[in-house]
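Here is the file my_file.cif (mmCIF, C-alpha atoms and all ligand atoms).
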data_entry
#
loop_
_atom_site.group_PDB
_atom_site.id
_atom_site.type_symbol
_atom_site.label_atom_id
_atom_site.label_comp_id
_atom_site.auth_asym_id
_atom_site.auth_seq_id
_atom_site.Cartn_x
_atom_site.Cartn_y
_atom_site.Cartn_z
ATOM 1 C CA MET P 1 87.388 -84.310 -73.740
ATOM 2 C CA LYS P 2 87.724 -87.683 -72.090
ATOM 3 C CA HIS P 3 87.166 -87.878 -68.371
ATOM 4 C CA TRP P 4 90.301 -88.940 -66.549
ATOM 5 C CA LEU P 5 88.506 -91.961 -65.162
ATOM 6 C CA ALA P 6 87.416 -93.131 -68.636
ATOM 7 C CA GLY P 7 90.550 -95.213 -68.990
ATOM 8 C CA LEU P 8 89.714 -97.293 -65.948
ATOM 9 C CA GLY P 9 87.619 -100.434 -66.328
ATOM 10 C CA ALA P 10 84.218 -100.776 -64.705
ATOM 11 C CA VAL P 11 85.540 -103.303 -62.190
ATOM 12 C CA ALA P 12 88.353 -100.979 -61.158
ATOM 13 C CA LEU P 13 85.858 -98.147 -60.752
ATOM 14 C CA MET P 14 83.636 -100.227 -58.509
ATOM 15 C CA GLY P 15 86.658 -100.946 -56.370
ATOM 16 C CA ALA P 16 87.622 -97.295 -56.283
ATOM 17 C CA ALA P 17 84.220 -95.962 -55.209
ATOM 18 C CA PRO P 18 84.470 -96.870 -51.495
ATOM 19 C CA VAL P 19 88.029 -95.578 -51.419
ATOM 20 C CA LEU P 20 86.981 -92.224 -52.895
ATOM 21 C CA GLU P 21 84.060 -92.115 -50.479
ATOM 22 C CA ALA P 22 86.328 -92.816 -47.520
ATOM 23 C CA MET P 23 88.643 -90.036 -48.653
ATOM 24 C CA ALA P 24 85.728 -87.596 -48.686
ATOM 25 C CA GLN P 25 84.807 -88.430 -45.067
ATOM 26 C CA PRO P 26 86.576 -86.443 -42.364
ATOM 27 C CA SER P 27 88.648 -88.586 -39.988
ATOM 28 C CA PRO P 28 87.122 -89.586 -36.620
ATOM 29 C CA ALA P 29 89.566 -87.257 -34.856
ATOM 30 C CA ALA P 30 88.522 -84.355 -37.096
ATOM 31 C CA VAL P 31 84.832 -85.050 -36.407
ATOM 32 C CA VAL P 32 85.459 -85.095 -32.650
ATOM 33 C CA THR P 33 87.369 -81.804 -32.820
ATOM 34 C CA GLN P 34 84.579 -80.158 -34.796
ATOM 35 C CA ARG P 35 81.927 -81.672 -32.524
ATOM 36 C CA ARG P 36 83.589 -80.446 -29.360
ATOM 37 C CA GLU P 37 84.161 -76.975 -30.815
ATOM 38 C CA GLY P 38 80.485 -76.790 -31.774
ATOM 39 C CA PHE P 39 79.277 -77.819 -28.323
ATOM 40 C CA LYS P 40 81.806 -75.512 -26.690
ATOM 41 C CA ALA P 41 80.536 -72.531 -28.693
ATOM 42 C CA ALA P 42 76.931 -73.469 -27.878
ATOM 43 C CA GLY P 43 77.902 -73.764 -24.212
ATOM 44 C CA ASP P 44 79.587 -70.346 -24.219
ATOM 45 C CA ASN P 45 76.504 -68.812 -25.854
ATOM 46 C CA MET P 46 74.186 -70.541 -23.384
ATOM 47 C CA THR P 47 76.288 -69.344 -20.435
ATOM 48 C CA ALA P 48 76.013 -65.756 -21.675
ATOM 49 C CA VAL P 49 72.255 -66.113 -22.237
ATOM 50 C CA ALA P 50 71.777 -67.601 -18.750
ATOM 51 C CA ALA P 51 73.769 -64.743 -17.196
ATOM 52 C CA VAL P 52 71.313 -62.219 -18.663
ATOM 53 C CA ALA P 53 68.430 -64.288 -17.282
ATOM 54 C CA ARG P 54 69.975 -64.448 -13.814
ATOM 55 C CA ALA P 55 70.577 -60.708 -13.783
ATOM 56 C CA GLY P 56 67.018 -60.015 -14.955
ATOM 57 C CA GLY P 57 68.440 -58.092 -17.897
ATOM 58 C CA ASP P 58 66.805 -57.217 -21.213
ATOM 59 C CA PRO P 59 66.577 -60.547 -23.057
ATOM 60 C CA ARG P 60 66.293 -58.995 -26.516
ATOM 61 C CA GLY P 61 70.070 -58.714 -26.774
ATOM 62 C CA THR P 62 70.414 -62.498 -26.553
ATOM 63 C CA VAL P 63 68.430 -63.363 -29.705
ATOM 64 C CA GLU P 64 71.554 -63.588 -31.868
ATOM 65 C CA ARG P 65 73.268 -66.005 -29.483
ATOM 66 C CA ILE P 66 70.155 -68.158 -29.320
ATOM 67 C CA ALA P 67 70.033 -68.239 -33.128
ATOM 68 C CA ALA P 68 73.638 -69.461 -33.152
ATOM 69 C CA ILE P 69 72.760 -72.218 -30.666
ATOM 70 C CA GLN P 70 69.812 -73.209 -32.870
ATOM 71 C CA ALA P 71 72.048 -73.384 -35.927
ATOM 72 C CA TRP P 72 74.429 -75.731 -34.111
ATOM 73 C CA PHE P 73 71.692 -78.064 -32.909
ATOM 74 C CA ALA P 74 70.192 -78.251 -36.394
ATOM 75 C CA THR P 75 73.240 -80.282 -37.491
ATOM 76 C CA ALA P 76 74.747 -81.575 -34.232
ATOM 77 C CA GLY P 77 73.051 -84.947 -34.698
ATOM 78 C CA THR P 78 75.197 -85.593 -37.787
ATOM 79 C CA MET P 79 78.388 -85.216 -35.722
ATOM 80 C CA PHE P 80 78.198 -88.693 -34.193
ATOM 81 C CA PRO P 81 79.332 -91.168 -36.849
ATOM 82 C CA ALA P 82 80.116 -94.739 -35.816
ATOM 83 C CA GLY P 83 83.525 -95.172 -34.230
ATOM 84 C CA THR P 84 83.697 -91.770 -32.483
ATOM 85 C CA GLN P 85 82.740 -92.895 -28.982
ATOM 86 C CA GLN P 86 84.780 -92.518 -25.824
ATOM 87 C CA GLY P 87 87.350 -95.308 -25.669
ATOM 88 C CA ALA P 88 88.000 -95.433 -29.419
ATOM 89 C CA PRO P 89 91.774 -95.326 -29.923
ATOM 90 C CA GLY P 90 93.265 -91.885 -30.344
ATOM 91 C CA LEU P 91 90.061 -89.957 -29.599
ATOM 92 C CA ASP P 92 89.626 -87.410 -26.818
ATOM 93 C CA THR P 93 85.862 -87.420 -26.423
ATOM 94 C CA ARG P 94 83.237 -87.664 -23.704
ATOM 95 C CA ALA P 95 80.618 -89.132 -26.053
ATOM 96 C CA LEU P 96 79.469 -92.304 -24.296
ATOM 97 C CA PRO P 97 78.937 -95.586 -26.195
ATOM 98 C CA ALA P 98 75.263 -95.354 -25.076
ATOM 99 C CA ILE P 99 74.751 -92.922 -27.987
ATOM 100 C CA TRP P 100 75.261 -95.809 -30.407
ATOM 101 C CA THR P 101 73.581 -98.540 -28.377
ATOM 102 C CA ASP P 102 70.509 -96.346 -27.759
ATOM 103 C CA ARG P 103 70.463 -94.157 -30.825
ATOM 104 C CA ALA P 104 66.687 -93.648 -30.685
ATOM 105 C CA GLY P 105 66.949 -92.183 -27.183
ATOM 106 C CA PHE P 106 69.855 -89.974 -28.200
ATOM 107 C CA ASP P 107 68.035 -88.738 -31.309
ATOM 108 C CA ALA P 108 64.966 -87.972 -29.197
ATOM 109 C CA ALA P 109 67.081 -85.956 -26.746
ATOM 110 C CA MET P 110 68.559 -84.073 -29.708
ATOM 111 C CA ALA P 111 65.140 -83.445 -31.272
ATOM 112 C CA ALA P 112 63.826 -82.154 -27.932
ATOM 113 C CA MET P 113 66.251 -79.223 -28.134
ATOM 114 C CA GLN P 114 64.590 -77.593 -31.130
ATOM 115 C CA PRO P 115 61.191 -76.672 -29.623
ATOM 116 C CA ARG P 116 62.929 -75.464 -26.441
ATOM 117 C CA LEU P 117 65.207 -73.215 -28.469
ATOM 118 C CA VAL P 118 62.311 -71.902 -30.570
ATOM 119 C CA ALA P 119 60.454 -71.027 -27.352
ATOM 120 C CA LEU P 120 63.597 -69.482 -25.858
ATOM 121 C CA ARG P 121 64.156 -67.319 -28.899
ATOM 122 C CA GLU P 122 60.521 -66.179 -28.913
ATOM 123 C CA ALA P 123 60.640 -65.352 -25.214
ATOM 124 C CA ALA P 124 63.889 -63.424 -25.689
ATOM 125 C CA ALA P 125 62.526 -61.474 -28.658
ATOM 126 C CA SER P 126 59.346 -60.612 -26.721
ATOM 127 C CA GLY P 127 61.367 -58.835 -24.039
ATOM 128 C CA ASN P 128 59.336 -60.516 -21.268
ATOM 129 C CA VAL P 129 61.883 -61.222 -18.524
ATOM 130 C CA ALA P 130 59.851 -63.825 -16.594
ATOM 131 C CA ASN P 131 59.037 -65.832 -19.739
ATOM 132 C CA PHE P 132 62.670 -65.609 -20.801
ATOM 133 C CA GLN P 133 63.913 -66.858 -17.424
ATOM 134 C CA ALA P 134 61.512 -69.814 -17.540
ATOM 135 C CA ALA P 135 62.591 -70.652 -21.089
ATOM 136 C CA VAL P 136 66.279 -70.552 -20.106
ATOM 137 C CA GLN P 137 65.524 -73.046 -17.323
ATOM 138 C CA ALA P 138 63.633 -75.342 -19.686
ATOM 139 C CA THR P 139 66.436 -75.203 -22.248
ATOM 140 C CA GLY P 140 69.099 -75.932 -19.654
ATOM 141 C CA ALA P 141 67.080 -78.923 -18.482
ATOM 142 C CA ALA P 142 67.037 -80.281 -22.033
ATOM 143 C CA CYS P 143 70.850 -79.997 -22.203
ATOM 144 C CA GLY P 144 71.069 -82.037 -19.001
ATOM 145 C CA ASP P 145 68.558 -84.610 -20.270
ATOM 146 C CA CYS P 146 71.112 -85.578 -22.905
ATOM 147 C CA HIS P 147 74.308 -85.087 -20.925
ATOM 148 C CA ARG P 148 73.276 -87.353 -18.055
ATOM 149 C CA PRO P 149 72.863 -90.540 -20.122
ATOM 150 C CA TYR P 150 75.104 -89.768 -23.103
ATOM 151 C CA ARG P 151 78.081 -87.665 -21.981
ATOM 152 C CA ALA P 152 80.829 -88.739 -19.615
ATOM 153 C CA ARG P 153 81.545 -86.475 -16.639
HETATM 154 C C1 LIG L 1 71.342 -84.891 -27.653
HETATM 155 C C2 LIG L 1 72.488 -84.761 -26.785
HETATM 156 C C3 LIG L 1 72.980 -83.415 -26.323
HETATM 157 C C4 LIG L 1 72.278 -82.268 -26.106
HETATM 158 C C5 LIG L 1 70.802 -82.001 -26.294
HETATM 159 C C6 LIG L 1 73.235 -81.300 -25.621
HETATM 160 N N1 LIG L 1 74.481 -81.867 -25.562
HETATM 161 FE FE1 LIG L 1 76.166 -80.955 -24.932
HETATM 162 N N2 LIG L 1 77.238 -82.610 -25.389
HETATM 163 C C7 LIG L 1 76.709 -83.817 -25.799
HETATM 164 C C8 LIG L 1 77.767 -84.793 -25.954
HETATM 165 C C9 LIG L 1 77.606 -86.234 -26.372
HETATM 166 C C10 LIG L 1 78.959 -84.129 -25.638
HETATM 167 C C11 LIG L 1 80.388 -84.722 -25.670
HETATM 168 C C12 LIG L 1 81.020 -84.436 -27.042
HETATM 169 C C13 LIG L 1 82.423 -85.010 -27.161
HETATM 170 O O1 LIG L 1 83.203 -84.937 -26.177
HETATM 171 O O2 LIG L 1 82.752 -85.522 -28.251
HETATM 172 C C14 LIG L 1 78.591 -82.767 -25.286
HETATM 173 C C15 LIG L 1 79.499 -81.797 -24.908
HETATM 174 C C16 LIG L 1 79.166 -80.524 -24.487
HETATM 175 C C17 LIG L 1 80.107 -79.540 -24.016
HETATM 176 C C18 LIG L 1 81.622 -79.733 -23.867
HETATM 177 C C19 LIG L 1 82.326 -79.344 -25.162
HETATM 178 C C20 LIG L 1 83.848 -79.542 -25.046
HETATM 179 O O3 LIG L 1 84.530 -78.552 -24.739
HETATM 180 O O4 LIG L 1 84.323 -80.672 -25.255
HETATM 181 C C21 LIG L 1 79.387 -78.418 -23.700
HETATM 182 C C22 LIG L 1 79.926 -77.100 -23.157
HETATM 183 C C23 LIG L 1 78.004 -78.704 -23.991
HETATM 184 N N3 LIG L 1 77.899 -79.995 -24.467
HETATM 185 C C24 LIG L 1 76.964 -77.816 -23.815
HETATM 186 C C25 LIG L 1 75.637 -78.086 -24.129
HETATM 187 C C26 LIG L 1 74.557 -77.142 -23.931
HETATM 188 C C27 LIG L 1 74.701 -75.731 -23.361
HETATM 189 C C28 LIG L 1 73.422 -77.759 -24.342
HETATM 190 C C29 LIG L 1 72.021 -77.226 -24.364
HETATM 191 C C30 LIG L 1 71.802 -75.943 -24.956
HETATM 192 C C31 LIG L 1 73.798 -79.088 -24.790
HETATM 193 N N4 LIG L 1 75.144 -79.237 -24.633
HETATM 194 C C32 LIG L 1 72.905 -80.013 -25.267
HETATM 195 C C33 LIG L 1 75.387 -84.083 -26.012
HETATM 196 C C34 LIG L 1 74.367 -83.160 -25.965
#
How would this structure read if it were set down as structure tokens?
Ligand code: HEC
Amino acid sequence: MKHWLAGLGAVALMGAAPVLEAMAQPSPAAVVTQRREGFKAAGDNMTAVAAVARAGGDPRGTVERIAAIQAWFATAGTMFPAGTQQGAPGLDTRALPAIWTDRAGFDAAMAAMQPRLVALREAAASGNVANFQAAVQATGAACGDCHRPYRAR
């Protein structure tokens, strides 16, 4: 059976490729919505984890939330395509243009999350309250290290 594109000439196909590619990309507004939902969920999980730490509770119950935060940060770096900064028309986002002018710094701040979250998860799983509390502090600091330069207040 002939492919439906077979009737098109090579030149037409070359012209169509970027169009098809653009169609496959989610719109900037859709990316921002997904990005903010992802950070919001991570924030809600982190708030719950921090509450257990503050109360000196058993950290083992927080492992699942920490795993969810880890899963988000494994892909969060892909949620910042060009053109999705604060000030772009029609977008409701606090992502500062500095993310794109200093991408290396932003990527480093993103990469710094992973070892903190690994340590947090290990401390939680161990059941050691003091280690868990220290790891929650260290993780929260890493959130702030990115928010200060790269997220609008
Ligand atoms: C590498 C950078 C970076 C790191 C690390 C980071 N964030 Fe963020 N965060 C952002 C940016 C940028 C935004 C703004 C996103 C937007 O508005 O499009 C944001 C937004 C948020 C929001 C607001 C979501 C909303 O409702 O719009 C919350 C909550 C949040 N982050 C929590 C956290 C927590 C908790 C951590 C640490 C566990 C963390 N973030 C780590 C960059 C980061």
Test item: the PyMOL selection byres (((not hetatm)) within 7 of (chain L and resi 1)) resolved as a PyMOL selection string: chain P and resi 32+35-37+39-40+42-44+46+69+92-96+106-107+109-110+113+139-140+142-147+150-151
Near-P:Gly57 list (12 Å; only C-alpha atoms; drop same-chain fewer than 3 positions) as a list in words: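 Near P:Gly57, the qualifying residues are Ala48, Val49, Ala50, Ala51, Val52, Ala53, Arg54, Arg60, Gly61, Thr62, Ala124, Gly127, Asn128, Val129, Ala130, Phe132 and Gln133 of chain P.
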Write out, as a compact mmCIF listing (two decimals), keeping the file's coordinate frame, the residues just selected, with C-alpha atoms.
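And here's selection_26.txt as it stands now:
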# COMPACT_ATOMS: atom_id res chain seq x y z
CA ALA P 48 76.01 -65.76 -21.68
CA VAL P 49 72.26 -66.11 -22.24
CA ALA P 50 71.78 -67.60 -18.75
CA ALA P 51 73.77 -64.74 -17.20
CA VAL P 52 71.31 -62.22 -18.66
CA ALA P 53 68.43 -64.29 -17.28
CA ARG P 54 69.97 -64.45 -13.81
CA ARG P 60 66.29 -59.00 -26.52
CA GLY P 61 70.07 -58.71 -26.77
CA THR P 62 70.41 -62.50 -26.55
CA ALA P 124 63.89 -63.42 -25.69
CA GLY P 127 61.37 -58.84 -24.04
CA ASN P 128 59.34 -60.52 -21.27
CA VAL P 129 61.88 -61.22 -18.52
CA ALA P 130 59.85 -63.82 -16.59
CA PHE P 132 62.67 -65.61 -20.80
CA GLN P 133 63.91 -66.86 -17.42
Minimum-distance residue to P:Gly56, chosen among P:Met79, P:Ala134, P:Ala108, P:Leu91 (using all atoms listed in the file): P:Ala134
Coordinates-based distance that separates atom CA of P:Thr75 from atom CA of P:Gly87 (Å, one decimal): 23.8 Å
Answer key for the PyMOL selection byres (((chain P and resi 118) around 12) and not hetatm), residues as a PyMOL selection string: chain P and resi 63+66-71+73-74+111-117+119-125+132+135-136+138-139
Atom CA of P:Thr47 to atom CA of P:Ala141, straight-line distance in Å: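 Straight-line distance from atom CA of P:Ala141 to atom CA of P:Thr47 works out to 13.4 Å.
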Separation of atom CA of P:Thr101 from atom CA of P:Gly83 in Å: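 Separation between atom CA of P:Gly83 and atom CA of P:Thr101: 12.0 Å.
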